[in-house]
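This is final-v7.txt (compact mmCIF, C-alpha atoms).
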```txt
# COMPACT_ATOMS: atom_id res chain seq x y z
CA MET Q 1 91.23 88.80 122.18
CA LEU Q 2 90.18 85.12 122.40
CA SER Q 3 88.64 83.97 125.67
CA SER Q 4 89.72 80.63 127.14
CA GLY Q 5 88.06 77.66 125.52
CA ARG Q 6 86.90 79.66 122.52
CA THR Q 7 87.53 78.12 119.12
CA VAL Q 8 88.63 79.91 115.98
CA SER Q 9 85.93 80.21 113.35
CA SER Q 10 87.14 78.88 110.01
CA ARG Q 11 84.87 81.39 108.28
CA LEU Q 12 86.60 84.25 110.12
CA LEU Q 13 89.98 83.06 108.96
CA ARG Q 14 89.16 82.56 105.29
CA THR Q 15 89.54 84.90 102.34
CA ALA Q 16 87.20 87.88 102.72
CA ASN Q 17 86.35 90.94 100.67
CA TRP Q 18 89.65 92.53 101.68
CA PHE Q 19 91.55 90.15 99.39
CA PRO Q 20 93.29 91.99 96.53
CA PHE Q 21 92.70 89.33 93.87
CA THR Q 22 88.91 88.96 93.88
CA ARG Q 23 87.92 91.52 91.25
CA PRO Q 24 86.93 90.28 87.78
CA PRO Q 25 89.52 91.17 85.11
CA SER Q 26 87.07 93.40 83.25
CA ASP Q 27 86.43 95.46 86.40
CA CYS Q 28 90.18 95.74 86.99
CA ARG Q 29 90.74 97.01 83.45
CA ALA Q 30 87.94 99.56 83.78
CA ALA Q 31 89.24 100.79 87.14
CA SER Q 32 92.77 100.96 85.75
CA THR Q 33 91.51 103.12 82.87
CA LEU Q 34 89.73 105.41 85.34
CA LYS Q 35 92.90 105.80 87.39
CA THR Q 36 94.90 106.56 84.25
CA GLU Q 37 92.45 109.32 83.42
CA LEU Q 38 92.76 110.76 86.92
CA ILE Q 39 96.55 110.79 87.18
CA LYS Q 40 98.15 111.04 83.76
CA LYS Q 41 101.77 110.07 83.23
CA ARG Q 42 103.71 112.85 81.55
CA GLU Q 43 107.29 113.98 80.96
CA LEU Q 44 108.56 116.96 82.93
CA GLU Q 45 108.86 120.12 80.89
CA LYS Q 46 112.28 121.66 80.29
CA ASP Q 47 113.39 123.59 83.41
CA GLU Q 48 110.34 122.28 85.32
CA LEU Q 49 111.27 121.45 88.91
CA ARG Q 50 111.04 117.82 89.97
CA PRO Q 51 108.55 117.13 92.78
CA LEU Q 52 109.73 116.61 96.34
CA TYR Q 53 110.15 112.91 97.11
CA MET Q 54 107.96 111.64 99.97
CA ASP Q 55 107.35 108.07 98.79
CA ILE Q 56 110.14 106.29 100.68
CA GLN Q 57 108.13 103.08 101.15
CA ALA Q 58 108.03 102.59 97.36
CA THR Q 59 111.80 102.97 96.95
CA THR Q 60 114.70 104.92 98.42
CA PRO Q 61 117.33 106.98 96.62
CA MET Q 62 120.69 105.23 96.46
CA ASP Q 63 123.13 106.50 99.05
CA PRO Q 64 126.17 107.97 97.16
CA ARG Q 65 128.46 105.89 99.40
CA VAL Q 66 126.76 102.74 98.08
CA LEU Q 67 127.42 103.83 94.49
CA ASP Q 68 131.07 104.48 95.35
CA ALA Q 69 131.41 100.92 96.65
CA MET Q 70 129.73 99.45 93.55
CA LEU Q 71 131.52 101.30 90.74
CA PRO Q 72 134.82 99.36 90.74
CA TYR Q 73 132.89 96.10 90.29
CA GLN Q 74 130.96 97.55 87.36
CA VAL Q 75 134.11 98.46 85.43
CA ASN Q 76 137.42 97.00 86.65
CA TYR Q 77 136.62 93.94 88.78
CA TYR Q 78 134.15 92.26 86.45
CA GLY Q 79 135.01 88.60 87.07
CA ASN Q 80 132.37 85.95 87.68
CA PRO Q 81 132.41 85.34 91.46
CA HIS Q 82 131.95 81.60 90.82
CA SER Q 83 135.07 81.31 88.62
CA ARG Q 84 137.61 79.51 90.82
CA THR Q 85 140.62 79.31 88.49
CA HIS Q 86 141.86 82.90 88.18
CA ALA Q 87 142.22 86.25 89.96
CA TYR Q 88 139.18 87.83 88.28
CA GLY Q 89 136.91 85.28 89.92
CA TRP Q 90 138.73 85.32 93.25
CA GLU Q 91 138.49 89.09 93.71
CA SER Q 92 134.78 89.11 92.81
CA GLU Q 93 134.13 86.19 95.16
CA SER Q 94 135.97 88.00 97.97
CA ALA Q 95 133.81 91.10 97.44
CA MET Q 96 130.65 88.97 97.38
CA GLU Q 97 131.55 87.23 100.64
CA THR Q 98 132.38 90.57 102.30
CA ALA Q 99 128.93 91.80 101.28
CA ARG Q 100 127.34 88.61 102.62
CA LYS Q 101 128.98 89.26 106.02
CA GLN Q 102 127.80 92.89 106.01
CA VAL Q 103 124.19 91.76 105.48
CA ALA Q 104 124.54 89.07 108.17
CA ASP Q 105 126.06 91.48 110.71
CA LEU Q 106 123.11 93.86 110.37
CA ILE Q 107 120.60 91.19 111.46
CA GLY Q 108 122.77 89.12 113.84
CA ALA Q 109 123.13 86.14 111.48
CA ASP Q 110 125.94 83.88 110.28
CA PRO Q 111 127.13 84.86 106.75
CA ARG Q 112 126.46 81.28 105.60
CA GLU Q 113 122.75 81.88 106.31
CA ILE Q 114 122.46 84.71 103.74
CA ILE Q 115 121.22 83.84 100.24
CA PHE Q 116 121.46 86.60 97.60
CA THR Q 117 118.28 87.07 95.52
CA SER Q 118 116.84 89.62 93.10
CA GLY Q 119 114.78 91.29 95.84
CA ALA Q 120 112.15 90.77 98.52
CA THR Q 121 109.53 89.46 96.09
CA GLU Q 122 111.80 86.57 95.09
CA SER Q 123 112.83 86.03 98.71
CA ASN Q 124 109.18 85.83 99.82
CA ASN Q 125 108.33 83.40 97.01
CA MET Q 126 111.35 81.23 97.83
CA ALA Q 127 110.61 81.11 101.55
CA ILE Q 128 106.87 80.41 101.41
CA LYS Q 129 106.73 78.03 98.45
CA GLY Q 130 110.11 76.44 99.22
CA VAL Q 131 109.38 75.53 102.86
CA ALA Q 132 105.77 74.49 102.23
CA ARG Q 133 106.73 72.18 99.34
CA PHE Q 134 109.70 70.60 101.14
CA TYR Q 135 107.64 69.60 104.20
CA GLN Q 136 104.40 68.82 102.34
CA GLY Q 137 104.71 65.09 103.06
CA LYS Q 138 103.83 65.69 106.73
CA LYS Q 139 102.62 69.31 106.94
CA ARG Q 140 100.28 71.09 104.51
CA HIS Q 141 99.09 74.15 106.47
CA VAL Q 142 100.46 77.71 106.25
CA ILE Q 143 99.38 80.77 108.27
CA THR Q 144 99.70 84.39 107.16
CA THR Q 145 97.81 87.65 107.74
CA GLN Q 146 95.40 89.67 105.63
CA THR Q 147 97.72 92.69 105.56
CA GLU Q 148 100.78 91.04 104.01
CA HIS Q 149 102.46 92.30 100.83
CA LYS Q 150 100.79 91.10 97.68
CA CYS Q 151 103.65 88.75 96.76
CA VAL Q 152 103.16 86.87 100.05
CA LEU Q 153 99.40 86.61 99.55
CA ASP Q 154 99.84 85.57 95.92
CA SER Q 155 102.39 82.88 96.90
CA CYS Q 156 99.84 81.53 99.36
CA ARG Q 157 97.18 81.50 96.64
CA VAL Q 158 99.52 79.40 94.47
CA LEU Q 159 99.96 76.94 97.34
CA GLU Q 160 96.18 76.82 97.80
CA ALA Q 161 95.86 75.81 94.16
CA GLU Q 162 98.34 72.99 94.89
CA GLY Q 163 96.11 71.67 97.68
CA PHE Q 164 97.67 73.34 100.72
CA SER Q 165 95.46 74.76 103.47
CA ILE Q 166 96.08 78.48 104.06
CA THR Q 167 94.79 80.52 107.00
CA TYR Q 168 94.59 84.28 106.42
CA LEU Q 169 94.44 85.78 109.91
CA PRO Q 170 92.55 89.05 110.38
CA VAL Q 171 94.29 91.85 112.25
CA GLN Q 172 92.90 94.13 114.93
CA LYS Q 173 91.66 97.68 114.28
CA ASN Q 174 95.16 98.99 115.05
CA GLY Q 175 96.70 96.66 112.44
CA LEU Q 176 98.38 94.37 114.99
CA LEU Q 177 97.99 90.61 115.00
CA ASP Q 178 96.18 89.04 117.97
CA LEU Q 179 98.73 86.57 119.34
CA GLU Q 180 96.07 84.41 121.02
CA LEU Q 181 94.31 84.09 117.68
CA LEU Q 182 97.61 83.12 116.02
CA GLU Q 183 98.30 80.42 118.62
CA ALA Q 184 94.74 79.09 118.45
CA SER Q 185 94.91 78.78 114.66
CA MET Q 186 98.05 76.60 114.69
CA ARG Q 187 97.56 72.93 113.85
CA PRO Q 188 99.75 69.83 114.07
CA ASP Q 189 100.26 70.06 110.30
CA THR Q 190 101.25 73.78 110.29
CA SER Q 191 104.66 74.13 108.64
CA LEU Q 192 105.06 77.90 108.34
CA VAL Q 193 103.84 81.25 109.69
CA SER Q 194 104.56 84.34 107.54
CA VAL Q 195 104.06 87.78 109.15
CA MET Q 196 105.67 91.00 107.88
CA THR Q 197 107.75 93.02 110.36
CA VAL Q 198 106.72 96.55 109.29
CA ASN Q 199 103.71 97.08 107.04
CA ASN Q 200 104.48 98.93 103.81
CA GLU Q 201 101.19 100.88 103.78
CA ILE Q 202 100.46 101.82 107.39
CA GLY Q 203 103.86 101.35 109.05
CA VAL Q 204 102.56 99.07 111.83
CA LYS Q 205 105.29 97.04 113.54
CA GLN Q 206 104.21 93.50 114.39
CA PRO Q 207 105.45 91.80 117.61
CA ILE Q 208 107.78 89.45 115.73
CA LYS Q 209 109.79 88.48 118.83
CA GLU Q 210 106.64 87.23 120.59
CA ILE Q 211 105.44 85.53 117.40
CA GLY Q 212 108.84 83.83 117.13
CA GLN Q 213 108.51 82.45 120.66
CA ILE Q 214 105.06 81.01 119.89
CA CYS Q 215 106.25 79.45 116.62
CA ARG Q 216 109.37 77.91 118.20
CA SER Q 217 107.31 76.42 121.06
CA LYS Q 218 104.97 74.80 118.49
CA GLY Q 219 107.70 73.55 116.16
CA VAL Q 220 106.56 75.85 113.34
CA PHE Q 221 108.93 77.86 111.13
CA LEU Q 222 108.56 81.67 111.14
CA HIS Q 223 109.14 83.73 107.99
CA THR Q 224 109.00 87.50 108.06
CA ASP Q 225 109.02 89.97 105.19
CA ALA Q 226 111.34 92.60 106.68
CA ALA Q 227 111.83 94.72 103.54
CA GLN Q 228 110.49 97.84 105.32
CA ALA Q 229 112.25 97.10 108.61
CA VAL Q 230 115.84 95.96 107.95
CA GLY Q 231 118.28 98.82 108.50
CA LYS Q 232 115.57 100.99 110.07
CA ILE Q 233 114.88 99.19 113.35
CA PRO Q 234 117.23 96.84 115.27
CA ILE Q 235 116.62 93.18 114.34
CA ASN Q 236 118.35 90.11 115.71
CA VAL Q 237 117.21 86.90 114.06
CA SER Q 238 118.47 84.75 116.96
CA ASP Q 239 116.81 86.77 119.74
CA TRP Q 240 113.59 87.01 117.72
CA ARG Q 241 113.69 83.29 116.76
CA ILE Q 242 113.20 84.10 113.08
CA ASP Q 243 113.78 81.16 110.72
CA LEU Q 244 113.51 82.95 107.36
CA MET Q 245 113.63 86.68 106.58
CA SER Q 246 113.31 88.63 103.33
CA ILE Q 247 115.44 91.71 102.61
CA SER Q 248 115.30 94.25 99.76
CA GLY Q 249 118.23 96.40 98.58
CA HIS Q 250 116.30 99.38 97.24
CA LYS Q 251 114.37 99.88 100.49
CA ILE Q 252 117.59 100.63 102.43
CA TYR Q 253 119.26 103.11 100.04
CA GLY Q 254 120.89 100.34 98.02
CA PRO Q 255 120.52 99.30 94.37
CA LYS Q 256 117.37 97.89 92.79
CA GLY Q 257 117.39 94.30 91.58
CA VAL Q 258 119.08 92.74 94.61
CA GLY Q 259 117.90 91.40 97.94
CA ALA Q 260 118.57 88.56 100.31
CA LEU Q 261 116.87 85.71 102.11
CA TYR Q 262 118.05 84.71 105.58
CA VAL Q 263 117.67 80.93 106.04
CA ARG Q 264 118.46 79.56 109.51
CA ARG Q 265 121.05 76.76 109.73
CA ARG Q 266 120.47 75.67 113.36
CA PRO Q 267 117.79 74.44 113.86
CA ARG Q 268 118.04 73.80 110.15
CA VAL Q 269 115.36 75.03 107.76
CA ARG Q 270 115.02 72.95 104.60
CA MET Q 271 113.42 74.30 101.45
CA GLU Q 272 112.85 73.34 97.85
CA PRO Q 273 114.60 75.73 95.40
CA LEU Q 274 112.44 77.66 92.94
CA GLN Q 275 115.06 77.59 90.19
CA ASN Q 276 117.69 75.04 89.28
CA GLY Q 277 121.07 75.31 87.63
CA GLY Q 278 124.66 75.60 88.81
CA GLY Q 279 123.81 75.15 92.49
CA GLN Q 280 125.02 78.54 93.66
CA GLU Q 281 123.92 79.96 97.04
CA ARG Q 282 123.89 76.62 98.89
CA GLY Q 283 121.89 75.12 96.02
CA LEU Q 284 118.88 77.25 96.98
CA ARG Q 285 119.20 79.93 94.31
CA SER Q 286 121.11 78.91 91.18
CA GLY Q 287 122.46 81.64 88.92
CA THR Q 288 125.46 83.95 88.88
CA VAL Q 289 125.38 86.39 91.78
CA PRO Q 290 125.67 89.95 90.34
CA THR Q 291 128.77 91.14 92.21
CA PRO Q 292 128.15 94.92 91.86
CA LEU Q 293 124.60 94.59 93.20
CA ALA Q 294 125.67 92.32 96.06
CA VAL Q 295 128.43 94.79 96.97
CA GLY Q 296 125.83 97.59 96.91
CA LEU Q 297 123.50 95.68 99.22
CA GLY Q 298 126.37 94.96 101.60
CA ALA Q 299 127.47 98.61 101.65
CA ALA Q 300 123.86 99.74 102.27
CA CYS Q 301 123.59 97.31 105.21
CA SER Q 302 126.93 98.45 106.65
CA ILE Q 303 125.93 102.13 106.47
CA ALA Q 304 122.51 101.34 107.97
CA GLN Q 305 124.14 99.52 110.89
CA GLN Q 306 126.39 102.50 111.63
CA GLU Q 307 123.69 105.17 111.26
CA MET Q 308 120.47 103.39 112.30
CA GLU Q 309 120.08 105.13 115.65
CA TYR Q 310 120.76 108.58 114.21
CA ASP Q 311 118.46 107.95 111.22
CA HIS Q 312 115.65 106.67 113.45
CA ASP Q 313 115.83 109.66 115.79
CA ARG Q 314 115.87 112.09 112.87
CA VAL Q 315 113.04 110.37 111.00
CA SER Q 316 110.99 110.31 114.23
CA MET Q 317 111.52 114.05 114.70
CA LEU Q 318 110.48 114.84 111.12
CA ALA Q 319 107.46 112.51 111.33
CA ASP Q 320 106.28 114.16 114.57
CA ARG Q 321 106.73 117.54 112.93
CA LEU Q 322 104.61 116.56 109.91
CA VAL Q 323 101.83 114.90 111.91
CA HIS Q 324 101.65 117.77 114.43
CA LYS Q 325 101.43 120.39 111.68
CA LEU Q 326 98.69 118.53 109.82
CA MET Q 327 96.59 117.53 112.83
CA SER Q 328 96.84 120.88 114.61
CA GLU Q 329 95.66 122.77 111.50
CA LEU Q 330 93.13 120.33 110.04
CA PRO Q 331 90.10 118.76 111.75
CA ASP Q 332 88.99 115.20 110.96
CA VAL Q 333 92.41 113.74 110.15
CA ILE Q 334 92.80 110.09 111.20
CA MET Q 335 96.07 108.16 111.52
CA ASN Q 336 95.70 104.60 110.22
CA GLY Q 337 97.39 101.89 112.28
CA ASP Q 338 98.63 101.73 115.84
CA PRO Q 339 100.02 105.12 116.99
CA GLU Q 340 102.75 103.52 119.13
CA GLN Q 341 103.77 100.18 117.56
CA ARG Q 342 104.90 101.60 114.24
CA TYR Q 343 107.89 102.69 112.21
CA PRO Q 344 107.70 106.52 112.31
CA GLY Q 345 108.85 107.03 108.70
CA CYS Q 346 105.62 105.55 107.29
CA ILE Q 347 102.63 107.79 108.02
CA ASN Q 348 99.21 106.88 106.60
CA LEU Q 349 96.58 109.57 107.18
CA SER Q 350 92.95 109.77 106.11
CA PHE Q 351 91.58 113.24 105.40
CA ALA Q 352 87.81 112.93 105.87
CA TYR Q 353 85.58 114.33 103.10
CA VAL Q 354 88.48 114.52 100.63
CA GLU Q 355 89.11 112.03 97.81
CA GLY Q 356 92.67 110.73 98.05
CA GLU Q 357 93.21 110.78 94.28
CA SER Q 358 92.04 114.41 94.11
CA LEU Q 359 94.45 115.36 96.87
CA LEU Q 360 97.31 113.57 95.08
CA MET Q 361 96.60 115.56 91.92
CA ALA Q 362 96.45 118.80 93.92
CA LEU Q 363 99.83 117.93 95.47
CA LYS Q 364 101.50 117.30 92.12
CA ASP Q 365 104.74 118.95 93.27
CA VAL Q 366 105.13 116.31 96.01
CA ALA Q 367 105.63 112.62 95.14
CA LEU Q 368 103.22 110.69 97.38
CA SER Q 369 101.07 107.56 97.29
CA SER Q 370 97.37 107.21 97.93
CA GLY Q 371 96.42 104.43 100.29
CA SER Q 372 93.43 103.76 98.07
CA ALA Q 373 95.54 102.69 95.13
CA CYS Q 374 99.14 102.03 96.11
CA THR Q 375 98.88 98.26 95.73
CA SER Q 376 96.67 98.01 92.65
CA ALA Q 377 95.82 99.93 89.51
CA SER Q 378 92.24 100.47 90.66
CA LEU Q 379 90.06 102.91 92.56
CA GLU Q 380 89.23 100.22 95.11
CA PRO Q 381 90.30 101.19 98.64
CA SER Q 382 93.48 99.51 99.85
CA TYR Q 383 92.95 95.94 101.07
CA VAL Q 384 95.20 96.74 104.05
CA LEU Q 385 92.91 99.58 105.13
CA ARG Q 386 89.86 97.38 104.60
CA ALA Q 387 91.50 94.65 106.72
CA ILE Q 388 91.87 97.05 109.68
CA GLY Q 389 88.20 97.97 109.34
CA ALA Q 390 88.59 101.49 107.97
CA ASP Q 391 85.36 102.98 106.62
CA GLU Q 392 85.36 102.91 102.84
CA ASP Q 393 85.13 106.70 102.59
CA LEU Q 394 88.13 107.13 104.92
CA ALA Q 395 90.06 104.42 103.06
CA HIS Q 396 89.47 106.37 99.85
CA SER Q 397 90.76 109.56 101.49
CA SER Q 398 94.08 108.18 102.69
CA ILE Q 399 97.57 109.38 101.77
CA ARG Q 400 100.86 107.71 102.68
CA PHE Q 401 103.75 110.03 103.59
CA GLY Q 402 107.24 108.51 103.55
CA ILE Q 403 110.15 110.10 105.41
CA GLY Q 404 113.71 108.87 104.99
CA ARG Q 405 117.42 109.50 105.45
CA PHE Q 406 117.62 112.39 102.99
CA THR Q 407 114.27 114.10 103.76
CA THR Q 408 114.74 117.68 105.00
CA GLU Q 409 112.78 119.84 107.43
CA GLN Q 410 112.01 122.23 104.60
CA GLU Q 411 110.47 119.41 102.56
CA VAL Q 412 108.34 118.31 105.51
CA ASP Q 413 107.16 121.89 106.16
CA TYR Q 414 106.37 122.51 102.49
CA THR Q 415 104.44 119.23 102.23
CA ALA Q 416 102.44 119.97 105.37
CA GLU Q 417 101.59 123.55 104.33
CA LYS Q 418 100.63 122.52 100.79
CA CYS Q 419 98.53 119.64 102.11
CA ILE Q 420 96.69 121.87 104.59
CA GLN Q 421 95.99 124.42 101.85
CA GLN Q 422 94.68 121.83 99.39
CA VAL Q 423 92.57 119.92 101.94
CA TYR Q 424 90.82 123.18 102.87
CA ARG Q 425 90.26 123.94 99.18
CA LEU Q 426 88.88 120.49 98.36
CA ARG Q 427 86.63 120.45 101.42
CA GLU Q 428 85.18 123.80 100.43
CA MET Q 429 84.14 122.15 97.16
CA SER Q 430 82.66 119.09 98.94
CA PRO Q 431 78.90 118.95 99.57
CA LEU Q 432 79.60 116.32 102.27
CA TRP Q 433 81.83 118.75 104.17
CA GLU Q 434 79.12 121.41 103.92
CA MET Q 435 76.53 119.00 105.34
CA VAL Q 436 78.83 118.06 108.24
CA GLN Q 437 79.35 121.76 109.04
CA GLU Q 438 75.57 122.09 109.21
CA GLY Q 439 75.45 119.33 111.81
CA ILE Q 440 74.02 116.60 109.57
CA ASP Q 441 74.99 113.01 110.47
CA LEU Q 442 76.04 111.50 107.15
CA LYS Q 443 75.52 107.95 108.43
CA SER Q 444 71.84 108.69 109.00
CA ILE Q 445 71.26 109.59 105.33
CA LYS Q 446 69.77 107.00 102.98
CA TRP Q 447 71.50 107.55 99.67
CA THR Q 448 69.72 106.65 96.44
CA GLN Q 449 71.39 105.70 93.19
CA HIS Q 450 70.13 107.15 89.89
```

Take the structure from the file and write it as structure tokens.
Amino acid sequence: MLSSGRTVSSRLLRTANWFPFTRPPSDCRAASTLKTELIKKRELEKDELRPLYMDIQATTPMDPRVLDAMLPYQVNYYGNPHSRTHAYGWESESAMETARKQVADLIGADPREIIFTSGATESNNMAIKGVARFYQGKKRHVITTQTEHKCVLDSCRVLEAEGFSITYLPVQKNGLLDLELLEASMRPDTSLVSVMTVNNEIGVKQPIKEIGQICRSKGVFLHTDAAQAVGKIPINVSDWRIDLMSISGHKIYGPKGVGALYVRRRPRVRMEPLQNGGGQERGLRSGTVPTPLAVGLGAACSIAQQEMEYDHDRVSMLADRLVHKLMSELPDVIMNGDPEQRYPGCINLSFAYVEGESLLMALKDVALSSGSACTSASLEPSYVLRAIGADEDLAHSSIRFGIGRFTTEQEVDYTAEKCIQQVYRLREMSPLWEMVQEGIDLKSIKWTQH
């Protein structure tokens, strides 16, 4: 925490070695080739069972009720929702506006504040670049954190190239943002703060309500990437003083290729559109809104609103079951991120003395992600884990387990038992594990390179 009167070091707040875009292209290609050799893509054999799905943070299966809502607009009601002269257009427009209200109701917004997009990546790009460019005459400073999704960090890099000043705030060891540091880093020319609600790698839940209060008191807009949070935890954009929020359809059991951006109307947020054309979506996102996808997003939001409490309780129970089984049977397992301020369905664990990629290969009948490579095609440890100060060896040994609406107890038990079995096997093969068992302090060893 910052003591009173202490200033923020500009060096501390600049791009560091955690940043995911600093590797030379040749190194990236080489690492990508290495990864390809480790985990080879292949077609499933005939009658071969598909792996269990435990990668919910990457995408969710579509809820069958969402598909039921979408199908009529794929086949029978195919009108352009922006056609105002006949019934085909009117019925599609009605469905689109119903979906807009369903999205708004989930987050406590006015339907007129919902802009349909192609997904959270587009929403993040629109919010960050759009707000920064609109207010650049008076304000040219944007604040974000080092653990944001790559599309947020990349959007900030684009703004940097345009002459904007970007502050990349470090996070604490538990993954949470230091609010005193955030407040101290704000400047008179700060236009926007962008902080994700729930982290996609470690599941940490940032104190967005408190951040919103700080931003509002300073006259700074707050954008949050809530792709991993909407429909999973209660969010009210008015209570939390959120000005812009990104939503993704396929993270809440809806269709891929659709998302939304919440843009506050009072106090009004102005932004420059990324694409121009027919002026649809309040002139902020030109292009025909795909009615079936919008209907799917609306249905997914409506279902999430009805079942959020039940889903959260069930996911919490399954997550506790998985973590308890793994940690009670295996020594030297570390949970990455704050143990309390987190979404329970995203569990990132490091298994000391085991290479994450090796464990993924050993668990080939369970679909999982390795924290060391889930955001890039390289063997570099995850920049999120590096940003929270994880040791490089532990960052390389991390696995992300995702639990969702359709995950069963049997799947959790199987995953835990298989993981325990394979970690024991891989540790038995590890000379490092053998040295630790003999009482040798690995940090005291001076390694030489041949």

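Taking atom CA of Arg400 of chain Q and atom CA of Ser370 of chain Q as the two end points, the separation is 5.9 Å.
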
Please build the interface table for segment 272-387 of chain Q against segment 41-46 of chain Q with a cut-off of 12 Å, listing for each qualifying residue the nearest atom pair and the distance in Å to one decimal; count only C-alpha atoms, order rows by chain and increasing number, and write it as a tab-separated table.
```
residue	atom	partner	partner_atom	distance
Q:Met361	CA	Q:Lys41	CA	11.5
Q:Lys364	CA	Q:Lys41	CA	11.5
Q:Asp365	CA	Q:Leu44	CA	11.2
```

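Using only C-alpha atoms, the contacts of Val333 of chain Q at a cut-off of 7 Å, with sequence neighbours closer than 3 positions omitted, comprise Met327, Leu330, Leu349, Ser350, Phe351 and Ala352 of chain Q.
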
Skip Gly249 of chain Q itself and residues of its chain fewer than 4 positions away, then list as a CSV table (one decimal) with C-alpha atoms, in the frame of the given file all residues within 6 Å of it, counting all atoms listed in the file.
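Generated output (part.csv):
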```
chain,number,residue,atom,x,y,z
Q,254,GLY,CA,120.9,100.3,98.0
Q,255,PRO,CA,120.5,99.3,94.4
Q,258,VAL,CA,119.1,92.7,94.6
Q,259,GLY,CA,117.9,91.4,97.9
Q,297,LEU,CA,123.5,95.7,99.2
```

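Checking Q:Ile202, Q:Ala362, Q:Met245, Q:Leu71 one by one against Ala390 of chain Q, counting only C-alpha atoms, you find the shortest gap at Q:Ile202.
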
| query | So how far away is atom CA of Leu177 of chain Q from atom CA of Val195 of chain Q, in Å? | reply | 8.9 Å

| message | Need to verify the contact set: Ile242 of chain Q, 7 Å, all atoms listed in the file, exclusion of same-chain residues closer than 6 positions in sequence. Can you return it as an MDAnalysis selection string? | response | chainID Q and resid 212 222:223

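With distances restricted to all atoms listed in the file, Q:Lys209 is the closest residue to Val237 of chain Q from Q:Ser358, Q:Phe406, Q:Tyr53, Q:Lys209.
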
Using all atoms of segment 77-96 of chain Q that appear in the file, construct an axis-aligned enclosing box with 5 Å of padding on every side and provide its centre coordinates and edge lengths in Å, rounded to one decimal, as AutoDock Vina command-line options.
```
--center_x 136.4 --center_y 86.6 --center_z 92.2 --size_x 21.6 --size_y 24.6 --size_z 21.5
```
